[in-house]
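Chemist: The structure is given below, and queries will be raised subsequently.
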Amino acid sequence: MWRSFSKEEISAFSHETGDTNFIHLTENPVVQGLFILKELFDATKTNEIEVKYIHPIYGDNQVYLKHEENNIKGFSDGILCFQASLS
């Protein structure tokens, strides 16, 4: 497992960034793409990442990463949620 984004973290990130989109502030919030990107930068220590978001990640759900050379795939509940290319 890579990480789980708590509902409190998602809400705090929304307030810190000024993102008032309701999908991040509901009882079952969606993790912000920017939050995922930030965490990928922190985890990989790379200078450049290109991310394609495929399916939402919801608060308190576990996220698993699969590394394939310079590519990372992120899964939650067995569903591919994002693909990232590292430079």
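To be explicit about the labels: the chains of the structure tokens are called A, B, and onward in the order shown, and within each one the residues are counted from 1, while ligands get numbers from 1 in the order they are shown.
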I want to know what sits within 12 Å of range 35-38 of chain A, based on only C-alpha atoms, with residues of the same chain fewer than 3 positions away left out; could you give that as a CSV table (one decimal) with N, CA and C atoms, in the first residue's frame?
Modeler:
chain,number,residue,atom,x,y,z
A,2,TRP,N,0.5,2.2,-0.8
A,2,TRP,CA,1.2,3.5,-0.9
A,2,TRP,C,0.7,4.4,0.2
A,3,ARG,N,-0.6,4.7,0.2
A,3,ARG,CA,-1.2,5.6,1.2
A,3,ARG,C,-2.7,5.6,1.1
A,4,SER,N,-3.3,6.2,2.1
A,4,SER,CA,-4.7,6.4,2.1
A,4,SER,C,-4.9,7.9,2.5
A,5,PHE,N,-5.8,8.6,1.8
A,5,PHE,CA,-6.0,10.0,2.0
A,5,PHE,C,-7.3,10.1,2.9
A,6,SER,N,-7.1,10.6,4.1
A,6,SER,CA,-8.2,10.7,5.0
A,6,SER,C,-9.2,11.9,4.6
A,9,GLU,N,-7.7,15.1,5.7
A,9,GLU,CA,-6.7,15.6,4.8
A,9,GLU,C,-7.2,16.2,3.5
A,10,ILE,N,-8.2,15.6,2.9
A,10,ILE,CA,-8.8,16.1,1.7
A,10,ILE,C,-9.4,17.5,1.9
A,11,SER,N,-10.2,17.6,3.0
A,11,SER,CA,-10.8,18.9,3.4
A,11,SER,C,-9.8,19.9,3.7
A,12,ALA,N,-8.7,19.6,4.4
A,12,ALA,CA,-7.7,20.6,4.7
A,12,ALA,C,-7.0,21.0,3.5
A,13,PHE,N,-6.7,20.1,2.5
A,13,PHE,CA,-6.0,20.5,1.3
A,13,PHE,C,-6.9,21.4,0.5
A,14,SER,N,-8.2,21.1,0.5
A,14,SER,CA,-9.2,22.0,-0.2
A,14,SER,C,-9.1,23.4,0.3
A,16,GLU,N,-6.6,24.8,2.1
A,16,GLU,CA,-5.3,25.4,1.8
A,16,GLU,C,-5.1,25.9,0.4
A,17,THR,N,-5.7,25.2,-0.6
A,17,THR,CA,-5.5,25.6,-2.0
A,17,THR,C,-6.7,26.4,-2.5
A,19,ASP,N,-9.7,25.3,-3.1
A,19,ASP,CA,-10.5,24.5,-4.0
A,19,ASP,C,-11.8,24.2,-3.3
A,24,HIS,N,-14.9,17.5,-3.3
A,24,HIS,CA,-13.9,17.3,-2.3
A,24,HIS,C,-14.3,17.6,-0.9
A,30,VAL,N,-13.8,13.1,-3.0
A,30,VAL,CA,-12.8,12.6,-4.0
A,30,VAL,C,-11.5,13.4,-3.7
A,31,VAL,N,-10.4,12.6,-3.8
A,31,VAL,CA,-9.1,13.2,-3.6
A,31,VAL,C,-8.7,14.1,-4.8
A,32,GLN,N,-8.2,15.3,-4.5
A,32,GLN,CA,-7.8,16.2,-5.5
A,32,GLN,C,-6.7,15.7,-6.3
A,41,PHE,N,5.2,13.5,-6.2
A,41,PHE,CA,6.5,14.2,-6.2
A,41,PHE,C,7.2,13.9,-4.9
A,42,ASP,N,6.6,14.0,-3.8
A,42,ASP,CA,7.2,13.7,-2.5
A,42,ASP,C,7.8,12.3,-2.4
A,43,ALA,N,7.0,11.3,-3.0
A,43,ALA,CA,7.4,9.9,-2.9
A,43,ALA,C,8.5,9.5,-3.8
A,44,THR,N,8.5,10.1,-5.0
A,44,THR,CA,9.5,9.7,-6.1
A,44,THR,C,10.7,10.6,-6.1
A,45,LYS,N,10.7,11.8,-5.6
A,45,LYS,CA,11.8,12.7,-5.6
A,45,LYS,C,12.3,13.0,-7.0
A,46,THR,N,11.3,13.0,-8.0
A,46,THR,CA,11.7,13.2,-9.4
A,46,THR,C,11.4,14.7,-9.7
A,47,ASN,N,11.9,15.2,-10.8
A,47,ASN,CA,11.7,16.6,-11.2
A,47,ASN,C,10.5,16.8,-12.1
A,48,GLU,N,10.0,15.8,-12.7
A,48,GLU,CA,8.9,15.9,-13.6
A,48,GLU,C,8.0,14.7,-13.6
A,49,ILE,N,6.7,14.9,-13.5
A,49,ILE,CA,5.7,13.8,-13.6
A,49,ILE,C,4.6,14.3,-14.5
A,50,GLU,N,4.2,13.4,-15.3
A,50,GLU,CA,3.0,13.6,-16.1
A,50,GLU,C,1.9,12.5,-15.7
A,51,VAL,N,0.8,13.0,-15.3
A,51,VAL,CA,-0.3,12.1,-14.7
A,51,VAL,C,-1.5,12.2,-15.6
A,52,LYS,N,-2.1,11.0,-15.8
A,52,LYS,CA,-3.4,10.9,-16.4
A,52,LYS,C,-4.3,10.2,-15.4
A,53,TYR,N,-5.4,11.0,-15.1
A,53,TYR,CA,-6.3,10.5,-14.1
A,53,TYR,C,-7.4,9.8,-14.8
A,56,PRO,N,-11.8,8.3,-10.1
A,56,PRO,CA,-11.6,9.0,-8.8
A,56,PRO,C,-11.1,8.0,-7.7
A,57,ILE,N,-10.3,8.6,-6.8
A,57,ILE,CA,-9.9,8.0,-5.5
A,57,ILE,C,-10.7,8.7,-4.4
A,58,TYR,N,-11.4,7.9,-3.6
A,58,TYR,CA,-12.2,8.4,-2.5
A,58,TYR,C,-11.5,8.4,-1.2
A,59,GLY,N,-11.9,9.3,-0.3
A,59,GLY,CA,-11.4,9.4,1.0
A,59,GLY,C,-11.4,8.1,1.8
A,63,VAL,N,-4.6,3.2,-1.5
A,63,VAL,CA,-4.1,3.4,-2.8
A,63,VAL,C,-2.8,2.6,-2.9
A,65,LEU,N,0.4,1.3,-5.5
A,65,LEU,CA,1.2,1.7,-6.7
A,65,LEU,C,1.9,0.4,-7.3
A,72,ILE,N,4.2,4.6,-13.3
A,72,ILE,CA,3.6,4.2,-12.0
A,72,ILE,C,2.1,4.2,-12.3
A,74,GLY,N,-1.6,3.7,-10.3
A,74,GLY,CA,-2.2,3.8,-9.0
A,74,GLY,C,-3.6,3.1,-9.0
A,81,CYS,N,-6.7,4.0,-11.2
A,81,CYS,CA,-7.2,5.3,-11.0
A,81,CYS,C,-6.3,6.4,-11.7
A,82,PHE,N,-5.0,6.1,-11.8
A,82,PHE,CA,-4.1,7.0,-12.5
A,82,PHE,C,-2.9,6.3,-13.0
A,83,GLN,N,-2.3,6.9,-14.0
A,83,GLN,CA,-1.0,6.5,-14.6
A,83,GLN,C,-0.1,7.7,-14.6
A,84,ALA,N,1.1,7.5,-14.1
A,84,ALA,CA,2.1,8.6,-14.1
A,84,ALA,C,3.4,8.2,-14.8
A,85,SER,N,3.9,9.1,-15.6
A,85,SER,CA,5.2,8.9,-16.3
A,85,SER,C,6.2,9.8,-15.6
A,86,LEU,N,7.3,9.2,-15.2
A,86,LEU,CA,8.4,10.0,-14.5
A,86,LEU,C,9.5,10.3,-15.5
Chemist: Using backbone DSSP assignments, extract all helix (DSSP H, G or I) residues from chain A; output them as a ChimeraX atom specification.
Modeler: /A:7-17,22-24,33-44
Chemist: Of the residues A:Ile54, A:Thr20, A:Asp60, A:His15, which is the one nearest to Leu80 in chain A, using only C-alpha atoms?
Modeler: A:Ile54
Chemist: So the first atom is CA of Leu40 in chain A and the second is CA of Asn61 in chain A; what is the distance between them in Å, to one decimal place?
Modeler: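 Distance reported for this atom pair: 16.6 Å.
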Chemist: Write down as a VMD selection string the residues belonging to chain A that are assigned strand (DSSP E or B) by DSSP computed on the backbone.
Modeler: chain A and resid 3 to 4 30 49 to 53 58 62 to 68 71 to 76 79 to 86
Chemist: Have a look at CA of Gly18 in chain A and CA of Phe75 in chain A and let me know their distance in Å, one decimal.
Modeler: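 That distance, rounded to one decimal, is 26.9 Å.
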Chemist: Quick one: distance from CA of Glu69 in chain A to CA of Gly33 in chain A in Å, one decimal?
Modeler: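 CA of Gly33 in chain A lies 22.4 Å from CA of Glu69 in chain A.
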